[in-house]
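Undergrad: Can you read through this structure? Questions will come right after.
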Amino acid sequence: MSDISTNTRVESRLDTGEAGFGDYFALLKPRVMSLVVFTALVGLLAAPVPVHPLLAFAAILFVAIGGGASGALNMWYDADIDRIMRRTQSRPIPAGKISESETFAFGMFLSVFAVIMLALASNLVAAGLLAFTIFFYVVVYTMWLKRWTPQNIVIGGAAGAFPPMIGWAVATGGVSIESVLMFTLIFMWTPPHFWALALFMKSDYRDAGVPMLTVTHGRKTTRAHIIVYTILLAPIAVGTGFTSIGGPVYMATALVLNVIFLKGAWDIWRREETAAEADEYKTEKRFFAFSIFYLFAHFVAILVEKGLAPYGLGGWT
Amino acid sequence: MNSSAPRVEHEIHNRRRSRNVGLGIVLGSFVLLIMSMTYVKLTAQNAAMAEEHAKKQAAEAAAVGTATPTSSQEKSD
């Protein structure tokens, strides 16, 4: 009885196209959106120009909607891949909850809406950066790089790195060395983060025909790439500490985290594939989980420096 | 089969209601946000204009103040 009612419910959903509110929200990739919101907020708060709290809230909201819209357009274009990969089979399009054309219209509308509203809430530089971010993620990464080159996430990672720069532009109306460094921090962090994921989600990418480095160049090369990018990331993360958004707290955080991150990358590089398979990629999974904390902690440290500034404790002065 | 039909109707209506209520809340919040943004922007703009006006008046007063002694000085000469 319960089986029959479940089947009827699924069929009715496919036939009617009546998706719930939560299904549309899922199109915005809420988890990715949370990273966008957090880093954009840090960029905005770390800037030397104060913004009215309501305008700051509105600006971050529109950045989040823009980021979510690009996620919806990504789901529209990648629906064929999402149907194959286990990790993405429950998304609204593969699950039959929302049609591809509806997703496209939803994503396009929200993209234009978010850019216009950000321009009205803050300034044209921030809105221009948001428009470029959406374009970069949808056209450059999703449509072009993702299915073409194993360097897809290296260049495509730029899309996820723009939010703090947008937040900074909301406050200052421009770009500076600090916002470029925050961008670079996320940009250089993205490859080791995703390649670690690719090492233990191996069949998913291969089955979907996505040319991840693990598929095209093998796992040994991927491990080498992880350590190279982690080495390149460390001076950027530490170097940010010498700018106006850095300070003793940030510097101590960056030093400790980068030593641990480098150690993790070194362990991944030294590992044989048989050993990794034997313990079900324990080291790779640990490195992946730590990479999320790594980025979060760097941005929290920037916030702490800003928060301490009124008490004469933040920064180097 | 017949017993499952009302359940299907009910499920669809629930989903539709959730979508309508959600959209209603989103639109209502959007209107409130635009109103608040307009208020904040206009208040800030008025404050900036008032400050600019005060500065202009002060500059004019200073100019008159410096101009007067000079003219009286010319007269005495």
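So you can find residues: chains in the structure tokens are A, B, ... in the order shown, residues in each start at 1, and ligands are numbered from 1 in order.
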Give me, as a list in words, the residues of chain B touching chain A, with the criterion being at most 6 Å (counting only C-alpha atoms).
TA: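 In the required form, that comes to Arg15, Ser18 and Arg19 of chain B.
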Undergrad: Identify, on the basis of only C-alpha atoms, every residue whose closest approach to A:Arg31 does not exceed 12 Å; exclude the query and any residue fewer than 4 positions from it along the same chain; express the result as a PyMOL selection string.
TA: chain A and resi 25-27+35-38+64+67-68+71
Undergrad: Report the residues of stretch 93-168 of chain A whose backbone DSSP state falls under alpha helix (DSSP H), written as a ChimeraX atom specification.
TA: /A:100-121,124-135,152-161,163-168
Undergrad: Considering only C-alpha atoms, can you say which of A:Met75, A:Ala69, A:Ala95, A:Val138 comes closest to A:Phe113?
TA: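 That would be A:Ala69, the residue with the smallest distance to A:Phe113.
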Undergrad: Got a sec: who's within 10 Å of A:Leu303, counting only C-alpha atoms, leaving out chain neighbours fewer than 2 positions off, as a PyMOL selection string?
TA: chain A and resi 41-43+45-46+245-246+250+297-301+305-309+314
Undergrad: Would you export the selected residues with C-alpha atoms as a tab-separated table (two decimals), in the first residue's frame, please?
TA:
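The new file result28.tsv reads:
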```tsv
chain	number	residue	atom	x	y	z
A	41	LEU	CA	30.20	39.52	4.28
A	42	VAL	CA	33.81	39.33	5.46
A	43	GLY	CA	34.91	41.36	2.41
A	45	LEU	CA	33.04	44.17	6.94
A	46	ALA	CA	36.82	44.15	6.50
A	245	ILE	CA	43.15	43.42	6.90
A	246	GLY	CA	45.82	41.33	8.65
A	250	TYR	CA	45.36	36.53	11.43
A	297	ALA	CA	39.21	30.10	9.80
A	298	HIS	CA	41.20	32.48	7.57
A	299	PHE	CA	38.12	34.62	6.96
A	300	VAL	CA	37.08	34.47	10.62
A	301	ALA	CA	40.58	35.70	11.53
A	305	GLU	CA	41.15	41.65	13.36
A	306	LYS	CA	38.42	44.05	12.26
A	307	GLY	CA	36.44	43.44	15.46
A	308	LEU	CA	39.49	44.13	17.64
A	309	ALA	CA	40.37	47.37	15.81
A	314	GLY	CA	43.40	44.65	15.67
```
Undergrad: Within 7 Å of A:Gly107, counting only C-alpha atoms, which residues show up once you throw out same-chain ones fewer than 6 positions away? Write them as a PyMOL selection string, please.
TA: chain A and resi 69-70+72-73
Undergrad: Which neighbours of A:Ala59 fall inside 8 Å, counting only C-alpha atoms, when residues of the same chain fewer than 3 positions from it are skipped, and could you give them as a ChimeraX atom specification?
TA: /A:55-56,62-63,118,121-122,167,170
Undergrad: Take the residues from that selection and put them in a file with N, CA and C atoms, as a CSV table (one decimal), in the first residue's frame.
TA:
```
chain,number,residue,atom,x,y,z
A,55,LEU,N,21.7,48.5,4.3
A,55,LEU,CA,22.2,48.4,2.9
A,55,LEU,C,23.2,47.2,2.8
A,56,ALA,N,24.0,47.0,3.8
A,56,ALA,CA,24.9,45.9,3.8
A,56,ALA,C,24.1,44.5,3.7
A,62,PHE,N,21.6,40.3,-2.2
A,62,PHE,CA,21.6,40.2,-3.7
A,62,PHE,C,22.8,39.5,-4.2
A,63,VAL,N,23.9,39.6,-3.5
A,63,VAL,CA,25.0,38.7,-3.9
A,63,VAL,C,24.7,37.3,-3.8
A,118,LEU,N,21.6,44.9,-6.9
A,118,LEU,CA,22.9,45.2,-6.2
A,118,LEU,C,23.4,46.6,-6.6
A,121,ALA,N,21.3,49.0,-4.7
A,121,ALA,CA,21.6,49.0,-3.2
A,121,ALA,C,23.0,49.5,-2.9
A,122,SER,N,24.0,49.3,-3.8
A,122,SER,CA,25.3,49.7,-3.5
A,122,SER,C,25.9,50.6,-4.7
A,167,GLY,N,32.0,42.1,-1.9
A,167,GLY,CA,31.7,42.7,-0.6
A,167,GLY,C,32.5,43.9,-0.4
A,170,VAL,N,31.3,46.7,-2.5
A,170,VAL,CA,30.0,47.3,-2.0
A,170,VAL,C,30.4,48.5,-1.0
```
Undergrad: Can you pull out the residues contacting stretch 77-86 of chain A? Cut-off 7 Å, using only C-alpha atoms, and skip same-chain residues under 6 positions away; I want them as a list in words.
TA: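 After dropping sequence-adjacent residues, the list is Ile93, Pro94, Asp204, Asp207 and Ala208 of chain A.
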